[in-house]
Amino acid sequence: MFPTTILLAVDGSPDSNRAARMATRLSKALDSELRVVLVGGRVPASGTVPGDPPLDADFESWARESLERGTRERLEEQLETIRAEGGEISGFHSRIGRPDAEIVRLAEEIGAGLLVVGSRGFGQLKRAVMGSVSRSVVRHAHCPVLVDRGGSADPFSGEILVGVDGSRDASEAARAGVEISAATGAGLHVVYVIDLEAYRPYPGPETWDGWQADQERATRVARSWVEGQAERMRIGGGVKTVQAHLAFGDPDREITRLAGELGAGLVVAGSRGLGGVRRMLLGSVSDSLVEHSPCPVMVVRGSVPGRKDVGG
């Protein structure tokens, strides 16, 4: 997965400043080029309200030029801040329009391998509920997205927690976690969440004998599997130790809980859901992690042709 092109979206907010520090650290550790984008607002549109007269063409042109100029100036300020903190910037872009759409579009245009965003939105979205921009970017980007939710000043001083479930996306998440751990020296943990309620019968005449034995057998198999994944990640990824964890319940809640207990600096998860949820639409587990995790979250999707799986 790495090295790659990292696209960092900034807006000058504290959240995006933390994201900038994380992207800078990652680009250096992973030998990846760093590009920066800032998206300004949208030019007022003509005729958006029924009966509203269209904007004067000269005014509309002036408004666009003014917005573009202001966006470039804000971007220059952000670039200076990143460079002052040691960031090496390979390219930068100023855009106007809807932030999530412009960020996703630019990522595709430049072939970004990782998008880094803050968690509170961009531009004028000062009070946006978590999810307006960053969640949309996570859902629509063609590449992995790292959402900085705050936490430790140095996310790689803590542990990296990777969620696995046997899916292709989880395998890619495992690979990303291994590579970041090896490059930064952060400790690595892998967790699989099993839903034991699936083995517990509803009270009634159809209740079968031996369900407790089925539950215990499933637990043994799951524990052996996740320990095997941890060993594969250790041997194949060049990290000294990978600690395996087996949890029980809802994947998003259990991963969030474990991240807090470990003092994790980063959670890495696939985009399709964890814990055996085979057809879960993007958004249930990964959205919940992005919204509730005590630390930054990287949501990984897709496969890399010609690469051998490291876990999952």
# chains A, B, ... in the order shown; residues from 1 in each chain; ligands from 1
>>> residues_around(residues="Val10 in chain A", least_positions_apart="4", cutoff="10 Å", atoms="only C-alpha atoms", output="VMD selection string")
chain A and resid 14 to 20 36 to 39 74 to 75 78 to 79 116 to 118 121 to 123
>>> residues_around(residues="Ile255 in chain A", least_positions_apart="6", cutoff="9 Å", atoms="only C-alpha atoms", output="ChimeraX atom specification")
/A:161-163,191-193,247,267,289,293
>>> write_last_selection(atoms="all heavy atoms", output="short mmCIF file (atom, residue, chain, number, x, y, z; two decimals), in the first residue's frame")
data_model
loop_
_atom_site.label_atom_id
_atom_site.label_comp_id
_atom_site.auth_asym_id
_atom_site.auth_seq_id
_atom_site.Cartn_x
_atom_site.Cartn_y
_atom_site.Cartn_z
N LEU A 161 -4.64 -0.45 16.51
CA LEU A 161 -5.60 -1.54 16.63
C LEU A 161 -6.24 -1.80 15.28
O LEU A 161 -6.83 -0.89 14.68
CB LEU A 161 -6.68 -1.18 17.66
CG LEU A 161 -7.82 -2.19 17.84
CD1 LEU A 161 -7.27 -3.53 18.33
CD2 LEU A 161 -8.86 -1.64 18.82
N VAL A 162 -6.15 -3.04 14.81
CA VAL A 162 -6.70 -3.42 13.51
C VAL A 162 -7.85 -4.40 13.72
O VAL A 162 -7.70 -5.41 14.43
CB VAL A 162 -5.63 -4.08 12.62
CG1 VAL A 162 -6.23 -4.49 11.26
CG2 VAL A 162 -4.44 -3.14 12.41
N GLY A 163 -8.99 -4.12 13.11
CA GLY A 163 -10.12 -5.03 13.15
C GLY A 163 -10.11 -5.95 11.94
O GLY A 163 -9.93 -5.49 10.81
N VAL A 191 -7.90 -7.46 16.42
CA VAL A 191 -9.09 -7.91 17.14
C VAL A 191 -10.10 -8.50 16.18
O VAL A 191 -10.29 -8.00 15.07
CB VAL A 191 -9.73 -6.77 17.96
CG1 VAL A 191 -10.14 -5.61 17.06
CG2 VAL A 191 -10.92 -7.26 18.77
N TYR A 192 -10.73 -9.58 16.62
CA TYR A 192 -11.87 -10.14 15.92
C TYR A 192 -13.03 -10.16 16.89
O TYR A 192 -12.88 -10.56 18.06
CB TYR A 192 -11.57 -11.57 15.44
CG TYR A 192 -12.78 -12.26 14.83
CD1 TYR A 192 -13.33 -11.81 13.64
CD2 TYR A 192 -13.36 -13.36 15.45
CE1 TYR A 192 -14.43 -12.43 13.08
CE2 TYR A 192 -14.46 -13.99 14.89
CZ TYR A 192 -14.99 -13.52 13.71
OH TYR A 192 -16.09 -14.13 13.16
N VAL A 193 -14.21 -9.71 16.43
CA VAL A 193 -15.38 -9.64 17.28
C VAL A 193 -16.39 -10.69 16.84
O VAL A 193 -16.78 -10.73 15.67
CB VAL A 193 -16.03 -8.25 17.24
CG1 VAL A 193 -17.22 -8.19 18.20
CG2 VAL A 193 -15.01 -7.17 17.59
N ALA A 247 -13.10 -10.49 21.03
CA ALA A 247 -14.13 -9.77 21.77
C ALA A 247 -15.49 -10.32 21.39
O ALA A 247 -15.65 -11.00 20.37
CB ALA A 247 -14.05 -8.27 21.47
N VAL A 267 -7.00 3.45 14.95
CA VAL A 267 -7.80 2.27 14.65
C VAL A 267 -7.85 2.11 13.14
O VAL A 267 -8.08 3.08 12.42
CB VAL A 267 -9.23 2.39 15.21
CG1 VAL A 267 -10.12 1.27 14.67
CG2 VAL A 267 -9.22 2.35 16.74
N LEU A 289 -17.39 3.71 13.98
CA LEU A 289 -16.02 3.86 14.48
C LEU A 289 -15.51 5.27 14.26
O LEU A 289 -14.90 5.88 15.15
CB LEU A 289 -15.09 2.86 13.77
CG LEU A 289 -15.26 1.39 14.15
CD1 LEU A 289 -14.36 0.52 13.28
CD2 LEU A 289 -14.93 1.18 15.62
N SER A 293 -14.90 6.54 17.91
CA SER A 293 -13.57 6.11 18.35
C SER A 293 -12.88 7.21 19.15
O SER A 293 -13.01 8.40 18.83
CB SER A 293 -12.72 5.76 17.13
OG SER A 293 -11.37 5.55 17.51
#
>>> atom_distance(atom1="CA of Glu80 in chain A", atom2="CA of Arg149 in chain A")
23.1 Å
>>> residues_around(residues="Gly228 in chain A", least_positions_apart="5", cutoff="12 Å", atoms="only C-alpha atoms", output="NGL selection string")
:A and (164 or 166 or 190-192 or 221-223 or 233-236 or 242-246 or 310-312)
>>> residues_around(residues="Gly97 in chain A", least_positions_apart="6", cutoff="8 Å", atoms="only C-alpha atoms", output="list in words")
Val39, Gly40, Gly41, Arg42 and Val43 of chain A
>>> residues_around(residues="Glu65 in chain A", least_positions_apart="5", cutoff="12 Å", atoms="only C-alpha atoms", output="ChimeraX atom specification")
/A:40,42-43,58-60,70-72,95-96
